[in-house]
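Printed here is query16.txt (compact mmCIF, C-alpha atoms and all ligand atoms):
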```txt
# COMPACT_ATOMS: atom_id res chain seq x y z
CA MET A 154 0.00 0.00 0.00
CA ARG A 155 1.49 3.35 -0.90
CA LEU A 156 -0.68 5.63 1.22
CA VAL A 157 0.77 7.08 4.39
CA ALA A 158 -1.29 9.11 6.85
CA ALA A 159 0.38 12.41 6.09
CA GLU A 160 -0.26 12.01 2.37
CA ALA A 161 -3.92 11.10 2.65
CA ASP A 162 -5.50 14.53 2.59
CA LYS A 163 -3.36 15.81 -0.29
CA LEU A 164 -3.63 12.70 -2.39
CA ASP A 165 -7.14 11.52 -2.04
CA PHE A 166 -9.45 14.49 -2.33
CA ARG A 167 -8.05 14.98 -5.84
CA ARG A 168 -10.95 15.33 -8.24
CA GLY A 169 -11.13 12.28 -10.46
CA ALA A 170 -8.88 10.11 -8.31
CA CYS A 171 -9.76 6.42 -8.14
CA PRO A 172 -9.60 4.51 -4.84
CA ALA A 173 -7.49 1.48 -5.76
CA LEU A 174 -6.77 -1.30 -3.27
CA SER A 175 -3.17 -0.10 -3.03
CA ALA A 176 -4.14 3.59 -2.77
CA PRO A 177 -7.32 4.01 -0.71
CA MET A 178 -9.10 7.33 -0.93
CA GLN A 179 -9.93 9.59 2.00
CA THR A 180 -13.70 10.12 2.34
CA GLY A 181 -15.97 11.49 5.04
CA ASP A 182 -16.24 8.13 6.81
CA GLY A 183 -12.60 7.10 6.56
CA LEU A 184 -10.56 5.51 3.80
CA LEU A 185 -12.33 3.88 0.88
CA SER A 186 -10.67 0.95 -0.86
CA ARG A 187 -11.75 -0.50 -4.18
CA ILE A 188 -11.54 -4.16 -5.15
CA SER A 189 -11.77 -4.74 -8.90
CA LEU A 190 -12.24 -8.37 -9.90
CA GLY A 191 -11.30 -9.68 -13.32
CA GLU A 192 -13.21 -12.96 -12.90
CA PRO A 193 -16.10 -14.24 -10.76
CA ILE A 194 -15.23 -15.47 -7.24
CA SER A 195 -16.92 -18.01 -4.95
CA PRO A 196 -19.65 -17.00 -2.47
CA ALA A 197 -17.26 -18.11 0.32
CA GLU A 198 -14.59 -15.68 -0.95
CA LEU A 199 -17.09 -12.82 -1.02
CA ALA A 200 -18.17 -13.74 2.52
CA THR A 201 -14.51 -13.49 3.58
CA ILE A 202 -14.26 -10.02 2.02
CA CYS A 203 -17.36 -9.08 4.05
CA ARG A 204 -15.69 -10.32 7.24
CA LEU A 205 -12.55 -8.28 6.45
CA CYS A 206 -14.73 -5.25 5.79
CA GLU A 207 -16.25 -5.67 9.24
CA ALA A 208 -12.88 -6.25 10.89
CA HIS A 209 -10.97 -3.39 9.24
CA GLY A 210 -13.62 -0.97 7.97
CA ASN A 211 -16.99 0.32 9.17
CA GLY A 212 -18.99 -2.63 7.82
CA VAL A 213 -20.43 -0.80 4.82
CA ILE A 214 -19.84 -2.02 1.25
CA ASN A 215 -20.70 -0.31 -2.03
CA ILE A 216 -20.87 -1.81 -5.49
CA SER A 217 -20.11 1.08 -7.82
CA ALA A 218 -21.97 1.87 -11.06
CA ARG A 219 -19.05 0.21 -12.90
CA GLY A 220 -19.21 -2.94 -10.78
CA ASN A 221 -16.32 -2.46 -8.36
CA LEU A 222 -16.55 -3.49 -4.71
CA GLN A 223 -15.81 -0.57 -2.42
CA VAL A 224 -15.08 -1.10 1.24
CA ARG A 225 -15.68 1.93 3.46
CA GLY A 226 -14.44 3.23 6.78
CA LEU A 227 -10.86 1.92 6.77
CA THR A 228 -8.30 3.83 8.82
CA THR A 229 -4.65 4.57 8.18
CA GLU A 230 -3.93 1.80 10.70
CA THR A 231 -6.23 -0.83 9.17
CA ALA A 232 -5.98 -0.08 5.43
CA GLY A 233 -2.58 -1.77 5.03
CA LYS A 234 -3.74 -4.85 6.93
CA PHE A 235 -6.91 -4.96 4.83
CA GLU A 236 -4.87 -4.83 1.62
CA GLY A 237 -2.55 -7.58 2.87
CA ASP A 238 -5.47 -9.81 3.92
CA ILE A 239 -7.23 -9.29 0.58
CA ARG A 240 -4.06 -10.08 -1.39
CA SER A 241 -3.50 -13.24 0.64
CA LEU A 242 -6.84 -14.59 -0.65
CA ASN A 243 -5.37 -14.86 -4.18
CA LEU A 244 -8.49 -13.38 -5.73
CA PRO A 245 -8.47 -12.56 -9.47
CA LEU A 246 -7.71 -8.89 -8.77
CA ARG A 247 -7.64 -6.57 -11.74
CA GLU A 248 -5.26 -3.64 -11.55
CA GLY A 249 -3.97 -1.07 -13.99
CA LEU A 250 -6.09 0.41 -16.77
CA ALA A 251 -9.83 -0.29 -16.36
CA VAL A 252 -10.71 -2.54 -19.29
CA GLU A 253 -14.25 -3.76 -18.65
CA VAL A 254 -16.11 -6.73 -20.15
CA PRO A 255 -19.78 -7.65 -19.51
CA PRO A 256 -20.40 -9.87 -16.46
CA LEU A 257 -21.35 -12.90 -18.59
CA ALA A 258 -18.33 -12.59 -20.93
CA GLY A 259 -17.16 -15.97 -22.14
CA LEU A 260 -20.16 -17.82 -20.64
CA ASP A 261 -22.92 -16.33 -22.71
CA PRO A 262 -24.15 -18.42 -25.66
CA ALA A 263 -25.79 -15.30 -27.10
CA GLU A 264 -22.64 -13.18 -27.37
CA ILE A 265 -21.23 -12.64 -30.84
CA ALA A 266 -17.64 -13.09 -29.64
CA ASP A 267 -15.81 -13.57 -26.35
CA PRO A 268 -14.43 -10.13 -25.45
CA ARG A 269 -11.96 -11.36 -22.80
CA PRO A 270 -8.96 -12.11 -25.04
CA LEU A 271 -9.18 -8.61 -26.52
CA ALA A 272 -9.56 -7.04 -23.07
CA ASP A 273 -6.54 -8.98 -21.78
CA ALA A 274 -4.43 -7.93 -24.77
CA ILE A 275 -5.40 -4.26 -24.38
CA ARG A 276 -4.71 -4.36 -20.64
CA ALA A 277 -1.32 -5.96 -21.25
CA GLY A 278 -0.45 -3.61 -24.12
CA ALA A 279 -1.36 -0.54 -22.07
CA GLN A 280 0.88 -1.52 -19.15
CA GLY A 281 3.42 1.20 -18.59
CA LEU A 282 1.46 3.78 -20.60
CA GLY A 283 1.83 6.88 -18.44
CA GLY A 284 -0.13 10.09 -18.50
CA LEU A 285 -3.60 8.62 -18.93
CA ALA A 286 -6.56 10.25 -17.13
CA PRO A 287 -7.18 8.58 -13.71
CA LYS A 288 -10.67 7.49 -14.80
CA MET A 289 -9.68 6.41 -18.34
CA SER A 290 -11.70 3.35 -19.26
CA VAL A 291 -11.99 0.88 -22.10
CA VAL A 292 -15.07 -1.31 -22.65
CA VAL A 293 -14.92 -4.50 -24.71
CA ASP A 294 -18.45 -5.80 -25.27
CA GLY A 295 -19.17 -9.13 -26.98
CA SER A 296 -22.81 -8.08 -27.64
CA GLY A 297 -24.44 -10.78 -25.50
CA GLN A 298 -27.36 -10.83 -23.08
CA MET A 299 -25.92 -8.29 -20.64
CA ARG A 300 -24.20 -5.38 -22.33
CA LEU A 301 -22.22 -2.40 -21.17
CA SER A 302 -23.91 0.00 -23.61
CA GLU A 303 -24.80 2.48 -20.86
CA LEU A 304 -21.35 2.65 -19.29
CA LEU A 305 -19.26 5.65 -20.28
CA ALA A 306 -16.02 4.63 -22.01
CA ASP A 307 -13.13 6.52 -23.56
CA VAL A 308 -12.56 3.68 -26.02
CA ARG A 309 -15.21 1.03 -26.70
CA LEU A 310 -14.98 -2.14 -28.78
CA VAL A 311 -18.31 -3.76 -29.67
CA ALA A 312 -18.64 -7.11 -31.46
CA THR A 313 -20.63 -6.93 -34.69
CA LYS A 314 -21.73 -9.60 -37.11
CA SER A 315 -22.57 -9.31 -40.77
CA ALA A 316 -23.18 -12.50 -42.81
CA ASN A 317 -20.55 -14.80 -41.27
CA ASN A 318 -18.05 -12.08 -40.46
CA VAL A 319 -17.38 -11.07 -36.89
CA GLY A 320 -15.85 -7.64 -36.50
CA TRP A 321 -15.21 -5.15 -33.70
CA GLN A 322 -16.52 -1.63 -33.98
CA VAL A 323 -14.22 0.83 -32.19
CA LEU A 324 -15.99 3.85 -30.69
CA LEU A 325 -14.68 6.94 -28.96
CA GLY A 326 -16.25 8.64 -25.93
CA GLY A 327 -19.65 8.48 -24.24
CA THR A 328 -22.08 5.61 -24.01
CA GLN A 329 -22.58 3.25 -26.93
CA ALA A 330 -25.48 5.40 -28.15
CA ASP A 331 -23.55 8.68 -28.20
CA GLY A 332 -20.01 7.44 -28.92
CA ARG A 333 -18.45 8.13 -32.34
CA VAL A 334 -17.27 5.40 -34.71
CA HIS A 335 -13.52 5.25 -35.26
CA GLY A 336 -13.84 2.18 -37.51
CA THR A 337 -14.67 -1.54 -37.66
CA PHE A 338 -11.82 -4.05 -37.61
CA GLN A 339 -10.90 -7.71 -37.20
CA ALA A 340 -9.92 -8.70 -33.65
CA GLN A 341 -6.14 -8.15 -33.82
CA GLN A 342 -6.45 -4.88 -35.68
CA ALA A 343 -9.12 -3.69 -33.21
CA ILE A 344 -6.64 -4.35 -30.36
CA ASP A 345 -3.91 -2.43 -32.23
CA GLU A 346 -6.28 0.47 -32.93
CA ALA A 347 -7.39 0.63 -29.28
CA LEU A 348 -3.75 0.68 -28.12
CA SER A 349 -2.83 3.33 -30.65
CA LEU A 350 -5.76 5.52 -29.45
CA LEU A 351 -4.59 5.04 -25.86
CA GLN A 352 -1.06 6.01 -26.86
CA ARG A 353 -2.39 9.20 -28.44
CA LEU A 354 -4.36 9.98 -25.27
CA SER A 355 -1.27 9.27 -23.18
CA SER A 356 0.77 11.73 -25.22
CA LEU A 357 -1.95 14.39 -24.79
CA GLY A 358 -1.75 14.12 -20.98
CA PRO A 359 -3.96 13.21 -18.02
CA THR A 360 -6.82 15.59 -18.77
CA SER A 361 -7.44 14.05 -22.20
CA ARG A 362 -10.36 11.71 -22.73
CA GLY A 363 -11.62 9.61 -25.63
CA ARG A 364 -14.02 12.34 -26.77
CA ASP A 365 -10.99 14.60 -27.46
CA LEU A 366 -10.02 12.34 -30.38
CA VAL A 367 -13.47 12.60 -32.01
CA THR A 368 -13.53 14.33 -35.39
CA ASP A 369 -16.51 15.65 -37.39
CA ALA A 370 -16.00 12.85 -39.90
CA MET A 371 -16.78 10.16 -37.31
CA PRO A 372 -20.42 9.00 -37.49
CA PRO A 373 -22.51 8.03 -34.43
CA CYS A 374 -22.96 4.35 -33.66
CA ALA A 375 -25.98 2.92 -35.50
CA MET A 376 -26.02 -0.47 -33.75
CA MET A 377 -29.27 -1.57 -32.14
CA GLU A 378 -29.08 -2.38 -28.45
CA ASP A 379 -31.27 -5.21 -27.26
CA GLY A 380 -29.30 -6.53 -24.31
CA PHE A 381 -30.98 -7.30 -20.98
CA SER A 382 -30.46 -5.32 -17.83
CA SER A 383 -28.23 -6.72 -15.10
CA LEU A 384 -31.24 -7.94 -13.06
CA ASP A 385 -32.70 -10.36 -15.60
CA LEU A 386 -32.30 -14.11 -15.30
CA ALA A 387 -29.95 -15.03 -18.12
CA LEU A 388 -29.78 -18.57 -19.49
CA LEU A 389 -26.31 -19.91 -20.15
CA GLU A 390 -25.16 -23.32 -21.49
CA GLY A 391 -27.13 -26.42 -20.36
CA ASP A 392 -28.96 -25.79 -17.06
CA ASP A 393 -26.60 -22.97 -16.09
CA ALA A 394 -28.02 -19.54 -15.44
CA ALA A 395 -27.05 -16.18 -14.00
CA VAL A 396 -29.19 -13.80 -12.01
CA GLY A 397 -28.64 -10.18 -11.04
CA ILE A 398 -29.33 -8.81 -7.57
CA GLY A 399 -29.24 -5.05 -6.99
CA LEU A 400 -28.03 -3.13 -3.95
CA PRO A 401 -30.49 -0.41 -2.89
CA PHE A 402 -28.75 2.90 -3.62
CA GLY A 403 -25.56 0.97 -4.35
CA GLN A 404 -24.85 0.18 -0.72
CA ILE A 405 -25.29 -2.69 1.74
CA THR A 406 -23.89 -3.76 5.10
CA ALA A 407 -21.23 -6.46 5.15
CA VAL A 408 -23.50 -8.45 7.48
CA GLN A 409 -26.38 -8.47 4.96
CA LEU A 410 -24.06 -9.35 2.07
CA ALA A 411 -22.40 -12.14 4.10
CA ALA A 412 -25.87 -13.59 4.84
CA LEU A 413 -26.61 -13.62 1.10
CA CYS A 414 -23.30 -15.42 0.50
CA THR A 415 -24.10 -18.03 3.16
CA GLU A 416 -27.44 -18.77 1.51
CA ALA A 417 -25.74 -18.84 -1.91
CA GLU A 418 -23.33 -21.50 -0.65
CA LYS A 419 -26.26 -23.49 0.72
CA GLN A 420 -27.94 -23.33 -2.69
CA HIS A 421 -24.69 -24.41 -4.44
CA ILE A 422 -24.30 -21.10 -6.28
CA ARG A 423 -20.97 -21.59 -8.05
CA ALA A 424 -19.74 -18.03 -8.38
CA VAL A 425 -20.59 -14.39 -7.80
CA ARG A 426 -19.42 -11.28 -9.54
CA PRO A 427 -20.03 -7.59 -8.78
CA ALA A 428 -21.41 -5.96 -11.90
CA PHE A 429 -22.35 -2.64 -13.45
CA GLY A 430 -25.43 -0.86 -12.15
CA HIS A 431 -24.65 -1.58 -8.44
CA ALA A 432 -25.50 -5.26 -8.96
CA LEU A 433 -24.16 -8.65 -8.02
CA ILE A 434 -24.43 -11.49 -10.53
CA LEU A 435 -24.86 -15.02 -9.17
CA PHE A 436 -23.99 -18.06 -11.30
CA GLY A 437 -25.57 -21.46 -10.66
CA ASP A 438 -28.15 -23.83 -12.00
CA HIS A 439 -31.51 -22.47 -13.00
CA SER A 440 -33.35 -23.49 -9.87
CA ALA A 441 -30.62 -22.21 -7.50
CA CYS A 442 -30.72 -18.83 -9.26
CA ASN A 443 -34.50 -18.65 -8.88
CA THR A 444 -34.26 -19.56 -5.19
CA MET A 445 -31.61 -16.90 -4.61
CA GLN A 446 -33.71 -14.29 -6.35
CA VAL A 447 -36.57 -14.94 -3.90
CA PHE A 448 -34.20 -15.01 -0.90
CA ALA A 449 -32.55 -11.74 -1.97
CA GLY A 450 -35.91 -10.01 -2.49
CA ARG A 451 -36.97 -10.99 1.05
CA SER A 452 -33.63 -9.75 2.41
CA GLY A 453 -34.01 -6.20 1.11
CA PHE A 454 -32.08 -6.49 -2.16
CA ILE A 455 -33.51 -5.31 -5.49
CA THR A 456 -34.53 -8.23 -7.69
CA GLU A 457 -36.82 -6.66 -10.25
CA ASP A 458 -36.22 -3.92 -12.77
CA THR A 459 -39.57 -2.42 -11.77
CA ASP A 460 -38.42 -1.88 -8.16
CA PRO A 461 -38.65 1.92 -7.69
CA ARG A 462 -35.49 1.89 -5.53
CA GLY A 463 -33.57 0.96 -8.68
CA MET A 464 -34.81 4.21 -10.25
CA ILE A 465 -33.21 6.39 -7.57
CA ALA A 466 -29.57 7.31 -8.12
CA ALA A 467 -28.10 8.48 -4.81
CA CYS A 468 -24.46 9.31 -4.14
CA PRO A 469 -22.91 8.21 -0.80
CA GLY A 470 -23.71 11.62 0.73
CA SER A 471 -23.11 12.53 4.36
CA PRO A 472 -21.30 11.24 6.42
CA SER A 473 -19.48 9.20 3.74
CA CYS A 474 -18.44 12.17 1.62
CA THR A 475 -16.95 15.36 3.06
CA SER A 476 -18.48 17.46 0.26
CA ALA A 477 -22.02 16.33 1.08
CA ALA A 478 -24.51 18.75 2.61
CA ILE A 479 -27.11 16.04 3.32
CA ASP A 480 -27.60 12.39 4.21
CA THR A 481 -28.58 11.29 0.69
CA HIS A 482 -29.58 7.76 1.68
CA SER A 483 -32.11 8.95 4.29
CA LEU A 484 -33.52 11.32 1.68
CA ALA A 485 -33.61 8.48 -0.86
CA HIS A 486 -35.68 6.36 1.55
CA LEU A 487 -38.01 9.30 2.12
CA ALA A 488 -38.31 9.91 -1.63
CA PHE A 489 -39.05 6.21 -2.15
CA GLU A 490 -41.93 6.48 0.37
CA GLN A 491 -43.35 9.73 -1.00
CA LEU A 492 -42.69 9.43 -4.73
CA GLU A 493 -43.09 5.70 -5.31
CA GLU A 494 -45.99 6.18 -7.74
CA LEU A 495 -43.89 8.61 -9.81
CA LEU A 496 -41.05 6.14 -10.25
CA ASP A 497 -42.41 4.39 -13.32
CA GLY A 498 -39.07 3.81 -15.07
CA SER A 499 -39.38 6.87 -17.31
CA PHE A 500 -36.63 8.76 -15.43
CA ASN A 501 -34.07 8.35 -12.67
CA LEU A 502 -34.63 10.44 -9.58
CA HIS A 503 -31.22 11.87 -8.74
CA ILE A 504 -30.38 12.56 -5.09
CA THR A 505 -27.05 14.21 -4.59
CA GLY A 506 -25.09 15.59 -1.65
CA CYS A 507 -23.66 18.43 -3.72
CA ALA A 508 -23.73 19.92 -7.21
CA LYS A 509 -20.97 17.62 -8.47
CA GLY A 510 -23.64 14.97 -9.06
CA CYS A 511 -21.40 11.86 -8.95
CA ALA A 512 -24.29 9.37 -8.97
CA HIS A 513 -25.92 10.61 -12.18
CA PRO A 514 -23.80 12.82 -14.44
CA GLN A 515 -26.55 12.97 -17.08
CA ALA A 516 -29.56 15.31 -16.98
CA THR A 517 -32.82 13.92 -15.57
CA SER A 518 -36.39 14.99 -14.81
CA LEU A 519 -35.85 15.66 -11.11
CA VAL A 520 -32.77 16.24 -8.97
CA LEU A 521 -32.76 16.79 -5.21
CA CYS A 522 -29.48 18.44 -4.30
CA GLY A 523 -28.10 19.26 -0.85
CA SER A 524 -27.04 22.87 -0.55
CA GLY A 525 -26.13 24.21 2.91
CA SER A 526 -29.05 23.22 5.12
CA ASP A 527 -31.46 23.26 2.17
CA ILE A 528 -32.61 20.88 -0.53
CA SER A 529 -32.61 22.36 -4.03
CA PHE A 530 -34.99 21.02 -6.68
CA ILE A 531 -33.57 20.91 -10.18
CA VAL A 532 -34.60 19.70 -13.62
CA GLY A 533 -31.49 18.69 -15.59
CA LYS A 534 -28.05 18.12 -14.11
CA ALA A 535 -27.09 18.61 -10.48
CA SER A 536 -25.05 21.66 -11.49
CA ASP A 537 -28.00 23.37 -13.25
CA PRO A 538 -29.91 26.21 -11.54
CA SER A 539 -32.61 25.12 -9.10
CA PHE A 540 -36.31 25.98 -9.54
CA ALA A 541 -37.06 25.74 -5.81
CA SER A 542 -35.22 25.39 -2.55
CA ILE A 543 -36.55 24.40 0.89
CA PRO A 544 -35.11 23.63 4.32
CA ALA A 545 -34.19 19.94 4.51
CA ALA A 546 -36.66 19.45 7.37
CA GLU A 547 -39.52 20.20 4.96
CA SER A 548 -38.52 17.56 2.40
CA ALA A 549 -41.40 15.16 3.11
CA ASN A 550 -44.04 17.87 2.55
CA ALA A 551 -42.37 19.05 -0.65
CA LEU A 552 -42.13 15.51 -2.07
CA ARG A 553 -45.76 14.84 -1.14
CA SER A 554 -46.79 18.03 -2.96
CA ILE A 555 -44.95 17.02 -6.13
CA ALA A 556 -46.50 13.54 -6.01
CA ALA A 557 -49.98 15.05 -5.56
CA LEU A 558 -49.46 17.48 -8.46
CA VAL A 559 -48.35 14.77 -10.87
CA ARG A 560 -51.17 12.45 -9.74
CA LYS A 561 -53.72 15.21 -10.42
CA GLU A 562 -52.31 16.45 -13.72
CA ARG A 563 -51.07 13.26 -15.37
CA LEU A 564 -52.80 12.54 -18.70
CA LYS A 565 -53.94 9.05 -19.62
CA ASP A 566 -50.92 6.90 -20.53
CA GLU A 567 -48.52 9.77 -19.84
CA THR A 568 -45.23 8.84 -18.20
CA SER A 569 -43.98 10.68 -15.13
CA ALA A 570 -41.07 12.13 -17.12
CA ALA A 571 -43.43 13.47 -19.80
CA CYS A 572 -45.81 14.87 -17.19
CA ILE A 573 -43.01 16.62 -15.27
CA ALA A 574 -41.66 18.08 -18.53
CA ARG A 575 -45.13 19.31 -19.53
CA LEU A 576 -45.80 20.87 -16.13
CA GLY A 577 -42.47 22.67 -16.20
CA ARG A 578 -40.37 24.20 -13.46
CA GLU A 579 -42.84 26.95 -12.53
CA GLN A 580 -45.75 24.65 -11.70
CA LEU A 581 -43.45 22.30 -9.83
CA ALA A 582 -42.06 25.22 -7.82
CA LEU A 583 -45.57 26.48 -7.10
CA SER A 584 -46.66 23.10 -5.78
CA ILE A 585 -43.68 23.01 -3.42
CA THR A 586 -44.05 26.55 -2.10
CA SER A 587 -47.86 26.44 -1.79
CA GLY A 588 -47.55 23.22 0.24
CA ARG A 589 -45.34 24.96 2.81
CA THR A 590 -46.81 25.93 6.14
S1 LIG B 1 -22.02 14.25 -5.47
FE1 LIG B 1 -22.12 13.18 -3.51
S2 LIG B 1 -20.38 11.76 -3.49
FE2 LIG B 1 -20.03 13.26 -5.16
S3 LIG B 1 -18.78 14.86 -4.19
FE3 LIG B 1 -20.91 15.52 -4.00
S4 LIG B 1 -21.63 14.75 -2.04
FE4 LIG B 1 -19.72 13.66 -2.53
```
Is it possible to give me this structure as structure tokens?
Amino acid sequence: MRLVAAEADKLDFRRGACPALSAPMQTGDGLLSRISLGEPISPAELATICRLCEAHGNGVINISARGNLQVRGLTTETAGKFEGDIRSLNLPLREGLAVEVPPLAGLDPAEIADPRPLADAIRAGAQGLGGLAPKMSVVVDGSGQMRLSELLADVRLVATKSANNVGWQVLLGGTQADGRVHGTFQAQQAIDEALSLLQRLSSLGPTSRGRDLVTDAMPPCAMMEDGFSSLDLALLEGDDAAVGIGLPFGQITAVQLAALCTEAEKQHIRAVRPAFGHALILFGDHSACNTMQVFAGRSGFITEDTDPRGMIAACPGSPSCTSAAIDTHSLAHLAFEQLEELLDGSFNLHITGCAKGCAHPQATSLVLCGSGSDISFIVGKASDPSFASIPAAESANALRSIAALVRKERLKDETSAACIARLGREQLALSITSGRT
């Protein structure tokens, strides 16, 4: 571990820094350490990580939007021991440049091509490339049942098929939908192109991202996306299956996660893997996966895409983040109670501790943002101007007023997002202020 106490403040509040296992990041509730896994692990191994989280941290675990395990509340005394204990488990740790593949890569009969050999070659080829942005990421997607289309990537390789030819489309910047096409290549050439793009980014320095290499001549990606979300039951070869289980607001206690692992062992679940979208993927036979889905639902995890909690994006907030003005998770629970009927899947409710908006960088229909002792209401991004602001203590009333307004004004078959857009900021603001005592 290269962190020493005196360095922590300087090093870790750096905007854009990533909390690697060997360089934990200082946060409001102690040091945060990230475990990136290159392969699935056993339920027993995940249970051991939970025990180490309890022993060395504060017992709280996140799975990030990109599918990394994050252990919270380590101290300068315990972080080194935690790293040593994790390394002694001989887990398939992934370090260096983030080159992501979908959670079912190599196991998915529906994927056009196995992305792992390309990802390994890019990771190996990029070793020693200095000067890349701390959050530089490459996605290699075999176009199977679970895709990484929504993940932002500087460089993205997506398997394509025409007649009997398999190719790899190389995209720059954004999600798959808004990335720009650099070209389509055979596997080896796609690897070479990706490495050459990374070399160019390296020579441009650590503030350069994939979008900086986009030119006007590059068309948008026209590929259709019909992959499943990470919570669907996916059928693999034979009787094998995989099922996704979501963490409410991306966070769970080590005790709850360990209990899930114990049950998974009992059900002979073969492997688990943290995945994008704050999810955990379980691999086992069909019936074990179904049993685990029921168990997880009863234990407070998210098991259905229609669960409104999965439509709330909340950052860690206070006390986990020193920049946070509010306890975002308490507000998320309150919003879930008051706005449940609004959460119809047409938008993500964004709850953020400050205007940085880590949990949802994109614009959305409604943002609740902590600001001093107030909650600001915003349509758009967290950094956009607010249309109303109220003391945090009045949040429940304000949320109830918005729910009542949308319930009253919603047209037949209108989604919540469409209704909120039609009502506009002024009517929303009026409903909040007129509901105040
Ligand atoms: S958005 Fe949330 S996690 Fe990000 S800096 Fe602000 S308070 Fe912290």
Step by step, measure atom-to-atom distances between ligand LIG 1 (chain B) and each residue using all atoms listed in the file, keep those at most 9 Å, then write them as a JSON list (two decimals) with C-alpha atoms, in the coordinates of the input.
```
[["chain", "number", "residue", "atom", "x", "y", "z"],
["A", 168, "ARG", "CA", -10.95, 15.33, -8.24],
["A", 180, "THR", "CA", -13.70, 10.12, 2.34],
["A", 181, "GLY", "CA", -15.97, 11.49, 5.04],
["A", 467, "ALA", "CA", -28.10, 8.48, -4.81],
["A", 468, "CYS", "CA", -24.46, 9.31, -4.14],
["A", 469, "PRO", "CA", -22.91, 8.21, -0.80],
["A", 470, "GLY", "CA", -23.71, 11.62, 0.73],
["A", 471, "SER", "CA", -23.11, 12.53, 4.36],
["A", 473, "SER", "CA", -19.48, 9.20, 3.74],
["A", 474, "CYS", "CA", -18.44, 12.17, 1.62],
["A", 475, "THR", "CA", -16.95, 15.36, 3.06],
["A", 476, "SER", "CA", -18.48, 17.46, 0.26],
["A", 477, "ALA", "CA", -22.02, 16.33, 1.08],
["A", 478, "ALA", "CA", -24.51, 18.75, 2.61],
["A", 479, "ILE", "CA", -27.11, 16.04, 3.32],
["A", 480, "ASP", "CA", -27.60, 12.39, 4.21],
["A", 481, "THR", "CA", -28.58, 11.29, 0.69],
["A", 504, "ILE", "CA", -30.38, 12.56, -5.09],
["A", 505, "THR", "CA", -27.05, 14.21, -4.59],
["A", 506, "GLY", "CA", -25.09, 15.59, -1.65],
["A", 507, "CYS", "CA", -23.66, 18.43, -3.72],
["A", 508, "ALA", "CA", -23.73, 19.92, -7.21],
["A", 509, "LYS", "CA", -20.97, 17.62, -8.47],
["A", 510, "GLY", "CA", -23.64, 14.97, -9.06],
["A", 511, "CYS", "CA", -21.40, 11.86, -8.95],
["A", 512, "ALA", "CA", -24.29, 9.37, -8.97],
["A", 513, "HIS", "CA", -25.92, 10.61, -12.18],
["A", 522, "CYS", "CA", -29.48, 18.44, -4.30],
["A", 523, "GLY", "CA", -28.10, 19.26, -0.85],
["A", 535, "ALA", "CA", -27.09, 18.61, -10.48]]
```
Atom CA of Phe530 of chain A to atom CA of Leu495 of chain A: how many Å, to one decimal? 15.6 Å
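One finds atom CA of Arg247 of chain A at 5.3 Å from atom CA of Ser189 of chain A.
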Env of Leu244 of chain A: 9 Å cut, atoms = all atoms listed in the file, seq-sep filter 6 positions within chain, self excluded. Answer as a PyMOL selection string. chain A and resi 190-192+194+198
Point (0.6, -2.9, -25.2) neighbourhood (12 Å, all atoms listed in the file) written as a list in words: Leu250, Leu271, Ala272, Asp273, Ala274, Ile275, Arg276, Ala277, Gly278, Ala279, Gln280, Gly281, Leu282, Gly283, Ile344, Asp345, Glu346, Ala347, Leu348, Ser349, Leu350, Leu351 and Gln352 of chain A
Between A:Thr328, A:Val396, A:Gly430, A:Glu493, smallest distance to Val447 of chain A by all atoms listed in the file belongs to A:Val396
Straight-line distance linking atom CA of Phe540 of chain A with atom CA of Val520 of chain A, stated in Å to one decimal: 10.4 Å
Which residues come within 12 Å of Asp267 of chain A, counting all atoms listed in the file, excluding same-chain residues fewer than 5 positions away, as a PyMOL selection string? chain A and resi 254-262+272-273+293-297+310-313+319-321+340
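By chain and then residue number, the residues within 9 Å of Gly363 of chain A are A:Met289, A:Ser290, A:Ala306, A:Asp307, A:Val308, A:Leu324, A:Leu325, A:Gly326, A:Gly327, A:Leu350, A:Leu351, A:Leu354, A:Ser361, A:Asp365, A:Leu366, A:Val367, counting all atoms listed in the file and disregarding those fewer than 2 positions away in sequence.
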I'd like the contact shell of Ala218 of chain A - 7 Å cut-off, only C-alpha atoms, skipping same-chain residues fewer than 2 positions apart - returned as an MDAnalysis selection string. chainID A and resid 216 220 429:431
All residues 12 Å or closer to Ala488 of chain A, all atoms listed in the file, same chain fewer than 2 positions away omitted, as an MDAnalysis selection string: chainID A and resid 461:462 464:467 481:486 490:496 501:504 519:521 548:556
